[in-house]
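Heads up, entry_18.txt below (compact mmCIF, C-alpha atoms and all ligand atoms):
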```txt
# COMPACT_ATOMS: atom_id res chain seq x y z
CA MET A 5 39.76 40.47 54.46
CA SER A 6 38.62 43.62 52.74
CA ALA A 7 40.74 46.77 53.01
CA ILE A 8 39.74 49.71 55.16
CA ILE A 9 38.44 52.48 52.90
CA MET A 10 40.22 55.75 53.67
CA ASP A 11 37.37 58.24 53.59
CA GLY A 12 38.89 61.50 52.40
CA LYS A 13 35.47 63.06 52.00
CA GLN A 14 34.66 62.60 55.66
CA LEU A 15 38.10 63.73 56.90
CA ALA A 16 37.92 66.79 54.63
CA ALA A 17 34.50 67.66 56.14
CA GLN A 18 36.01 67.44 59.65
CA ILE A 19 38.89 69.69 58.60
CA ARG A 20 36.43 72.21 57.12
CA ASP A 21 34.44 72.23 60.39
CA THR A 22 37.60 73.04 62.38
CA LEU A 23 38.64 75.64 59.82
CA LYS A 24 35.23 77.31 59.94
CA ASP A 25 35.70 77.99 63.67
CA GLU A 26 39.27 79.15 63.15
CA VAL A 27 38.33 81.48 60.28
CA ALA A 28 35.51 82.96 62.42
CA GLU A 29 37.95 83.53 65.29
CA TYR A 30 40.52 85.02 62.91
CA GLN A 31 37.89 87.44 61.58
CA ASN A 32 37.19 88.67 65.12
CA GLN A 33 40.76 89.85 65.32
CA SER A 34 41.42 90.73 61.71
CA VAL A 35 39.72 90.69 58.32
CA GLN A 36 38.17 87.86 56.35
CA PRO A 37 40.80 85.74 54.56
CA GLY A 38 40.66 86.02 50.76
CA LEU A 39 41.55 83.52 48.04
CA ALA A 40 41.97 84.59 44.40
CA VAL A 41 41.55 81.85 41.80
CA ILE A 42 42.72 82.46 38.24
CA LEU A 43 41.09 80.33 35.57
CA VAL A 44 42.30 80.49 31.98
CA GLY A 45 39.99 79.07 29.31
CA ASN A 46 37.05 76.79 29.98
CA HIS A 47 38.54 73.33 30.31
CA PRO A 48 35.61 71.30 31.80
CA ALA A 49 37.69 69.55 34.50
CA SER A 50 39.29 72.87 35.55
CA GLU A 51 35.84 74.48 35.74
CA THR A 52 34.73 71.67 38.08
CA TYR A 53 37.82 71.96 40.30
CA VAL A 54 37.52 75.74 40.53
CA GLN A 55 33.83 75.55 41.42
CA ALA A 56 34.56 72.95 44.12
CA LYS A 57 37.38 75.10 45.57
CA GLN A 58 35.21 78.22 45.65
CA LYS A 59 32.28 76.38 47.23
CA ALA A 60 34.54 74.93 49.94
CA ALA A 61 36.14 78.34 50.60
CA LEU A 62 32.73 79.94 51.00
CA ALA A 63 31.60 77.17 53.36
CA VAL A 64 34.41 77.95 55.83
CA GLY A 65 34.09 81.73 55.55
CA ILE A 66 36.99 82.41 53.17
CA ARG A 67 36.14 85.03 50.57
CA SER A 68 36.99 83.81 47.09
CA TYR A 69 37.51 85.83 43.93
CA LEU A 70 37.36 84.15 40.54
CA ILE A 71 39.38 85.85 37.82
CA ARG A 72 38.69 84.46 34.37
CA PHE A 73 40.73 84.86 31.21
CA ALA A 74 40.07 83.58 27.71
CA ASP A 75 42.54 80.91 26.59
CA ASN A 76 44.25 83.35 24.23
CA VAL A 77 45.28 85.62 27.13
CA SER A 78 48.88 86.74 26.83
CA GLN A 79 51.48 85.77 29.42
CA GLY A 80 52.04 89.48 30.07
CA GLU A 81 48.38 90.05 30.95
CA LEU A 82 48.43 87.10 33.31
CA LEU A 83 51.62 88.31 35.00
CA ALA A 84 50.16 91.82 35.35
CA LYS A 85 47.08 90.40 37.13
CA ILE A 86 49.29 88.36 39.46
CA ALA A 87 51.33 91.48 40.28
CA GLN A 88 48.09 93.31 41.12
CA LEU A 89 46.89 90.44 43.36
CA ASN A 90 50.30 90.28 45.07
CA ASN A 91 49.74 93.90 46.14
CA ASP A 92 46.07 93.52 47.12
CA PRO A 93 45.78 93.28 50.92
CA GLN A 94 42.33 91.63 50.59
CA VAL A 95 43.92 88.68 48.81
CA ASN A 96 45.87 86.31 51.04
CA GLY A 97 46.12 83.37 48.65
CA ILE A 98 46.59 83.16 44.88
CA LEU A 99 45.92 80.00 42.93
CA VAL A 100 46.40 79.63 39.19
CA GLN A 101 44.39 76.62 38.04
CA LEU A 102 46.53 74.29 35.92
CA PRO A 103 46.91 73.32 33.13
CA LEU A 104 47.57 76.58 31.29
CA PRO A 105 47.49 76.97 27.50
CA LYS A 106 50.70 75.91 25.76
CA HIS A 107 51.80 79.49 24.88
CA ILE A 108 52.16 80.32 28.59
CA ASP A 109 55.20 79.22 30.56
CA VAL A 110 53.81 77.69 33.76
CA GLN A 111 56.99 78.13 35.80
CA THR A 112 57.21 81.84 34.92
CA VAL A 113 53.64 82.26 36.15
CA ILE A 114 54.30 80.34 39.38
CA ASP A 115 57.51 82.31 39.99
CA ALA A 116 55.51 85.56 39.74
CA ILE A 117 53.25 84.69 42.69
CA ASP A 118 54.28 86.21 46.02
CA PRO A 119 55.61 83.13 47.93
CA GLU A 120 53.59 84.25 50.97
CA LYS A 121 50.40 84.00 48.87
CA ASP A 122 51.37 80.81 47.05
CA VAL A 123 48.65 78.58 48.54
CA ASP A 124 49.40 75.79 46.04
CA GLY A 125 52.92 75.56 47.46
CA PHE A 126 54.52 75.49 44.01
CA HIS A 127 56.81 78.54 44.23
CA PRO A 128 60.51 77.56 44.27
CA LEU A 129 61.00 79.30 47.63
CA ASN A 130 58.24 77.22 49.23
CA VAL A 131 59.53 74.07 47.51
CA GLY A 132 62.98 74.80 48.95
CA ASN A 133 61.59 75.46 52.43
CA MET A 134 59.72 72.16 52.25
CA GLN A 135 62.96 70.39 51.24
CA VAL A 136 64.78 71.65 54.32
CA GLY A 137 61.77 70.86 56.53
CA LYS A 138 60.87 74.48 57.34
CA LYS A 139 57.26 75.46 58.09
CA THR A 140 55.93 76.72 54.79
CA LEU A 141 52.97 76.53 52.39
CA LEU A 142 52.95 72.87 51.27
CA PRO A 143 51.59 71.52 47.96
CA CYS A 144 47.94 70.67 48.61
CA THR A 145 47.66 67.12 47.26
CA PRO A 146 50.72 65.61 48.99
CA PHE A 147 49.96 67.60 52.17
CA GLY A 148 46.39 66.22 52.11
CA ILE A 149 47.71 62.68 51.63
CA VAL A 150 49.99 63.00 54.67
CA LYS A 151 47.00 64.22 56.71
CA LEU A 152 44.97 61.22 55.49
CA LEU A 153 47.76 58.74 56.31
CA LYS A 154 48.13 60.22 59.79
CA ALA A 155 44.38 60.25 60.42
CA TYR A 156 44.33 56.50 59.73
CA ASN A 157 47.44 55.95 61.91
CA ILE A 158 49.46 54.51 59.04
CA PRO A 159 53.06 54.21 60.27
CA LEU A 160 55.44 56.18 58.04
CA GLN A 161 58.82 56.13 59.79
CA GLY A 162 61.06 53.40 58.37
CA LYS A 163 58.34 52.17 56.00
CA HIS A 164 58.95 51.79 52.29
CA ALA A 165 56.81 54.26 50.35
CA VAL A 166 56.76 53.77 46.59
CA ILE A 167 55.42 56.69 44.58
CA VAL A 168 54.39 56.17 40.97
CA GLY A 169 54.56 59.51 39.13
CA HIS A 170 57.27 62.18 39.43
CA SER A 171 55.40 65.39 38.60
CA HIS A 172 56.22 68.65 40.34
CA ILE A 173 52.71 68.92 41.74
CA VAL A 174 52.27 65.43 43.20
CA GLY A 175 55.04 62.83 42.93
CA ARG A 176 58.13 64.88 43.82
CA PRO A 177 56.68 66.86 46.73
CA MET A 178 55.07 63.63 47.98
CA ALA A 179 58.53 62.08 48.10
CA THR A 180 59.88 65.05 50.06
CA LEU A 181 57.06 65.05 52.62
CA LEU A 182 57.46 61.31 53.20
CA LEU A 183 61.24 61.66 53.55
CA ASN A 184 60.55 64.40 56.10
CA GLU A 185 58.50 61.74 57.97
CA ASN A 186 61.50 59.36 57.82
CA ALA A 187 59.94 56.94 55.34
CA THR A 188 62.20 55.14 52.86
CA VAL A 189 61.06 56.49 49.52
CA SER A 190 61.28 55.20 45.95
CA VAL A 191 59.94 57.24 43.05
CA CYS A 192 58.85 55.54 39.81
CA HIS A 193 57.79 57.13 36.53
CA ALA A 194 57.17 56.44 32.86
CA TYR A 195 60.77 55.25 32.31
CA THR A 196 60.95 52.97 35.35
CA GLU A 197 61.83 49.43 34.37
CA ASN A 198 59.96 46.59 36.08
CA LEU A 199 57.31 48.77 37.71
CA LYS A 200 55.62 45.74 39.25
CA GLU A 201 58.81 44.73 41.10
CA MET A 202 58.90 48.21 42.63
CA THR A 203 55.21 48.48 43.55
CA LYS A 204 55.28 45.01 45.14
CA MET A 205 57.86 46.28 47.64
CA ALA A 206 55.68 49.13 48.87
CA ASP A 207 54.29 49.29 52.39
CA ILE A 208 52.68 52.51 51.18
CA LEU A 209 51.94 52.79 47.47
CA ILE A 210 50.99 56.22 46.13
CA VAL A 211 49.94 56.41 42.49
CA ALA A 212 49.70 59.71 40.59
CA VAL A 213 49.93 58.94 36.89
CA GLY A 214 46.63 59.60 35.10
CA LYS A 215 46.16 56.13 33.57
CA LYS A 216 43.00 54.26 34.46
CA HIS A 217 43.69 51.07 36.44
CA LEU A 218 47.45 51.07 35.77
CA ILE A 219 47.95 49.35 39.12
CA THR A 220 46.25 45.98 39.63
CA GLY A 221 46.04 43.63 42.60
CA ASP A 222 48.99 41.49 41.46
CA MET A 223 51.23 44.62 41.74
CA VAL A 224 50.39 45.23 45.40
CA LYS A 225 52.13 43.81 48.49
CA PRO A 226 49.70 42.13 50.92
CA ALA A 227 48.55 44.53 53.67
CA ALA A 228 49.95 47.62 51.87
CA THR A 229 48.30 51.04 52.08
CA VAL A 230 47.28 52.20 48.61
CA ILE A 231 46.67 55.88 47.86
CA ASP A 232 45.12 56.54 44.47
CA VAL A 233 45.61 60.11 43.26
CA GLY A 234 44.56 59.52 39.65
CA ILE A 235 41.51 61.15 38.11
CA ASN A 236 40.55 59.63 34.79
CA ARG A 237 37.27 60.76 33.26
CA GLU A 238 35.10 58.61 31.04
CA GLY A 239 31.92 60.44 30.26
CA LYS A 240 30.41 61.37 33.62
CA ARG A 241 32.35 58.67 35.49
CA ILE A 242 35.69 59.08 37.23
CA PHE A 243 38.23 56.28 37.62
CA GLY A 244 41.44 56.12 39.58
CA ASP A 245 44.87 54.86 38.54
CA CYS A 246 44.32 51.78 40.72
CA ASP A 247 41.96 48.91 40.00
CA PHE A 248 40.06 49.13 43.29
CA ASP A 249 38.23 45.80 42.90
CA SER A 250 41.35 43.71 42.38
CA ILE A 251 43.27 45.51 45.17
CA LYS A 252 40.66 45.79 47.93
CA ASP A 253 41.16 42.23 49.23
CA ILE A 254 44.97 42.50 49.21
CA ALA A 255 45.66 45.95 50.69
CA SER A 256 45.05 46.86 54.33
CA HIS A 257 43.91 50.41 53.44
CA ILE A 258 42.86 52.00 50.16
CA THR A 259 41.49 55.36 49.03
CA PRO A 260 38.42 55.38 46.80
CA VAL A 261 38.11 57.48 43.63
CA PRO A 262 36.18 59.69 43.95
CA GLY A 263 36.05 60.50 47.67
CA GLY A 264 39.66 59.86 48.68
CA VAL A 265 42.49 62.24 47.79
CA GLY A 266 40.42 64.83 45.87
CA PRO A 267 38.49 66.28 48.84
CA MET A 268 41.70 66.34 50.91
CA THR A 269 43.41 68.46 48.24
CA ILE A 270 40.67 71.08 48.58
CA ALA A 271 40.65 70.95 52.39
CA THR A 272 44.42 71.57 52.52
CA LEU A 273 44.06 74.47 50.08
CA LEU A 274 41.76 76.10 52.66
CA CYS A 275 44.24 75.31 55.47
CA ASN A 276 46.96 76.96 53.38
CA THR A 277 44.80 80.04 52.75
CA LEU A 278 44.17 80.56 56.46
CA GLN A 279 47.86 79.90 57.19
CA ALA A 280 48.81 82.50 54.55
CA ALA A 281 46.37 85.04 56.01
CA ARG A 282 47.71 84.48 59.51
CA SER A 283 51.32 84.80 58.49
CA GLN A 284 50.59 87.97 56.45
CA SER A 285 48.86 89.51 59.48
CA LYS A 286 51.69 88.19 61.70
CA GLN A 287 49.29 85.99 63.68
CA PRO A 288 50.52 82.60 64.87
CA VAL A 289 49.86 79.71 62.51
CA LEU A 290 47.53 77.15 64.12
CA VAL A 291 46.49 74.84 61.28
P1 LIG B 301 51.60 64.41 35.20
O1 LIG B 301 51.07 64.06 33.84
O2 LIG B 301 52.27 65.69 35.43
O3 LIG B 301 52.62 63.25 35.63
C1 LIG B 301 52.34 61.90 35.36
C2 LIG B 301 53.45 61.05 35.92
O4 LIG B 301 53.16 59.69 35.65
C3 LIG B 301 54.83 61.33 35.31
O5 LIG B 301 55.81 61.28 36.33
C4 LIG B 301 55.04 60.17 34.35
O6 LIG B 301 56.42 59.84 34.15
C5 LIG B 301 54.31 59.06 35.07
N1 LIG B 301 53.85 57.97 34.20
C6 LIG B 301 53.19 58.09 33.02
N2 LIG B 301 52.93 56.84 32.53
C7 LIG B 301 53.44 55.96 33.41
C8 LIG B 301 53.50 54.55 33.45
N3 LIG B 301 52.97 53.79 32.47
N4 LIG B 301 54.12 53.97 34.49
C9 LIG B 301 54.64 54.72 35.49
N5 LIG B 301 54.62 56.07 35.51
C10 LIG B 301 54.01 56.67 34.48
O7 LIG B 301 50.37 64.16 36.17
P2 LIG B 301 50.04 64.78 37.63
O8 LIG B 301 49.69 66.19 37.47
O9 LIG B 301 51.05 64.35 38.64
O10 LIG B 301 48.67 64.00 37.90
C11 LIG B 301 48.62 62.58 37.94
C12 LIG B 301 47.17 62.16 38.11
O11 LIG B 301 46.70 62.62 39.36
C13 LIG B 301 46.19 62.71 37.06
O12 LIG B 301 45.18 61.76 36.84
C14 LIG B 301 45.61 63.93 37.75
O13 LIG B 301 44.32 64.27 37.28
C15 LIG B 301 45.54 63.44 39.19
N6 LIG B 301 45.57 64.48 40.20
C16 LIG B 301 44.64 64.38 41.18
C17 LIG B 301 44.63 65.29 42.22
C18 LIG B 301 43.63 65.13 43.31
O14 LIG B 301 43.44 66.03 44.09
N7 LIG B 301 42.99 63.97 43.41
C19 LIG B 301 45.56 66.35 42.26
C20 LIG B 301 46.52 66.40 41.23
C21 LIG B 301 46.51 65.45 40.22
```
Do you think you could lay out the structure here as structure tokens?
Amino acid sequence: MSAIIMDGKQLAAQIRDTLKDEVAEYQNQSVQPGLAVILVGNHPASETYVQAKQKAALAVGIRSYLIRFADNVSQGELLAKIAQLNNDPQVNGILVQLPLPKHIDVQTVIDAIDPEKDVDGFHPLNVGNMQVGKKTLLPCTPFGIVKLLKAYNIPLQGKHAVIVGHSHIVGRPMATLLLNENATVSVCHAYTENLKEMTKMADILIVAVGKKHLITGDMVKPAATVIDVGINREGKRIFGDCDFDSIKDIASHITPVPGGVGPMTIATLLCNTLQAARSQSKQPVLV
């Protein structure tokens, strides 16, 4: 039997519809939420992501500001802009599009963002709050994946989730969010021995590596849920980290690439921006 396709595009559209109403209601009582996006250089994939984020923000009524820097911008200039945005009451969320050029220390930049405006959920304070299970701004991709899993009623408690990839933006926070849902979590990475033995044990397999078709059908447990985070570009085409065709008749659920995790990442960014605006204006957080 063929797996159920987890339609992130459709769920993200539903989330945007709800957000649109909530943003409109918020504006009645306060001001329009604002999202500042900092883009350094003109990396084609980053340009695409930033455009998509701005378009989605506009569609729900969030004002977005794009701040561009050439790729030779100094770290000091970038930090000065972040300090200015931290103090700008029209800006509720600040997002620095990654990757940054090698001469800039990413963690220093993230640390400079006001944690209340950190809509990517990467600031150490928000990471710590997430670890202890406190309500906070959560990293968009893992937060979007949890929303997708819940929308498809995938049981999490007591299930074995295997995550492939241990980055700070996807793999590690994904592990934390699933632990917070009482899943049993294993995290694999480039140095994991016998990857296939690990992935075969997964009730929920989440892959965030950046290697086209690393995971094939023979690495997947029958009836598993497979979440493919990978984005691998070849010309105009995009491929995931999972070989969809060889997995679709083994898994019970699978996300497509594109149209799975990507749209959910953007939808949760908007949720975070409204949440940030509400908490800065001391309104209750609904989303
Ligand atoms: P990263 O490069 O920071 O981390 C890659 C991870 O994969 C590391 O933990 C590394 O140890 C592991 N890895 C590398 N080779 C491996 C192998 N052969 N076997 C097992 N593990 C291996 O990447 P990232 O930022 O976490 O992104 C991962 C992928 O997800 C990329 O394709 C990226 O474009 C994509 N991504 C998509 C979204 C989205 O919204 N869809 C969001 C973020 C990242």
Work out where the centre of an axis-aligned box around every listed atom of ligand LIG 301 (chain B) lies and how long its edges are once 5 Å is added on each side; give both in Å to one decimal as JSON.
```
{"center_x": 49.7, "center_y": 60.1, "center_z": 38.3, "size_x": 23.4, "size_y": 22.6, "size_z": 21.6}
```
Using all atoms listed in the file, find each protein or nucleic acid residue lying at most 10 Å from ligand LIG 301 (chain B); present the set as number ranges by chain.
A: 49, 53, 102-103, 143-146, 148-149, 167-176, 191-200, 211-216, 218-219, 231-237, 242-245, 261-270
For atom CA of A:Thr277 and atom CA of A:Arg72, the interatomic separation in Å (one decimal):
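A separation of 19.9 Å between them.
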If I take atom CA of A:Asp115 and atom CA of A:Ser68, how far is one from the other in Å, to one decimal?
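Separation between atom CA of A:Asp115 and atom CA of A:Ser68: 21.8 Å.
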A:Asp222: which residues within 9 Å, counting only C-alpha atoms, same-chain residues fewer than 6 positions away excluded, as a ChimeraX atom specification?
/A:200,204,250-251,254
Between atom CA of A:Leu129 and atom CA of A:Thr180, what is the distance, to one decimal in Å?
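Result for atom CA of A:Leu129 versus atom CA of A:Thr180: 14.5 Å, one decimal.
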I'd like the contact shell of A:Glu26 - 12 Å cut-off, all atoms listed in the file, skipping same-chain residues fewer than 6 positions apart - returned as a VMD selection string.
chain A and resid 19 to 20 32 to 34 36 to 37 64 to 66 274 to 275 277 to 279 281 to 282 288 to 291
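Distance check against A:Leu273 using all atoms listed in the file: of A:Leu39, A:Val95, A:Ile9, A:Val136, the minimum falls on A:Leu39.
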Pick out the residues sitting within 12 Å of A:Gln79, and hand them over as a PDB file with C-alpha atoms, in the frame of the given file; count all atoms listed in the file, and ignore anything fewer than 3 positions along from it in its own chain.
```pdb
ATOM      1  CA  VAL A  44      42.300  80.490  31.980  1.00  0.00           C
ATOM      2  CA  PHE A  73      40.730  84.860  31.210  1.00  0.00           C
ATOM      3  CA  ALA A  74      40.070  83.580  27.710  1.00  0.00           C
ATOM      4  CA  ASP A  75      42.540  80.910  26.590  1.00  0.00           C
ATOM      5  CA  ASN A  76      44.250  83.350  24.230  1.00  0.00           C
ATOM      6  CA  LEU A  82      48.430  87.100  33.310  1.00  0.00           C
ATOM      7  CA  LEU A  83      51.620  88.310  35.000  1.00  0.00           C
ATOM      8  CA  ALA A  84      50.160  91.820  35.350  1.00  0.00           C
ATOM      9  CA  LYS A  85      47.080  90.400  37.130  1.00  0.00           C
ATOM     10  CA  ILE A  86      49.290  88.360  39.460  1.00  0.00           C
ATOM     11  CA  LEU A 104      47.570  76.580  31.290  1.00  0.00           C
ATOM     12  CA  PRO A 105      47.490  76.970  27.500  1.00  0.00           C
ATOM     13  CA  LYS A 106      50.700  75.910  25.760  1.00  0.00           C
ATOM     14  CA  HIS A 107      51.800  79.490  24.880  1.00  0.00           C
ATOM     15  CA  ILE A 108      52.160  80.320  28.590  1.00  0.00           C
ATOM     16  CA  ASP A 109      55.200  79.220  30.560  1.00  0.00           C
ATOM     17  CA  VAL A 110      53.810  77.690  33.760  1.00  0.00           C
ATOM     18  CA  GLN A 111      56.990  78.130  35.800  1.00  0.00           C
ATOM     19  CA  THR A 112      57.210  81.840  34.920  1.00  0.00           C
ATOM     20  CA  VAL A 113      53.640  82.260  36.150  1.00  0.00           C
ATOM     21  CA  ILE A 114      54.300  80.340  39.380  1.00  0.00           C
ATOM     22  CA  ALA A 116      55.510  85.560  39.740  1.00  0.00           C
TER      23      ALA A 116
END
```
Pick out the closest residue to A:Pro48 from this set: A:Asp118, A:Thr203, A:Lys240, A:Thr272. Count all atoms listed in the file.
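Among A:Asp118, A:Thr203, A:Lys240, A:Thr272, it is A:Lys240 that comes nearest to A:Pro48.
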Just the residues within 10 Å of A:Ala165, please, counting all atoms listed in the file, with nothing from its chain fewer than 4 positions along; format it as JSON, numbers by chain.
{"A": [160, 161, 178, 179, 182, 183, 187, 188, 189, 190, 191, 203, 205, 206, 207, 208, 209, 210, 228, 229, 230]}
Of A:Gln88, A:Ser78, A:Ala63, A:Gly221, the one sitting nearest A:Ala17 when using only C-alpha atoms is A:Ala63
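Compared by their closest atoms to A:Gln284, and using all atoms listed in the file, the residues A:Leu142, A:Val35, A:Ala56, A:Leu153 rank with A:Val35 nearest.
When all atoms listed in the file are used to compute distances to A:Val100, the closest of the residues A:Val150, A:Leu62, A:Met134, A:Ala40 turns out to be A:Ala40.
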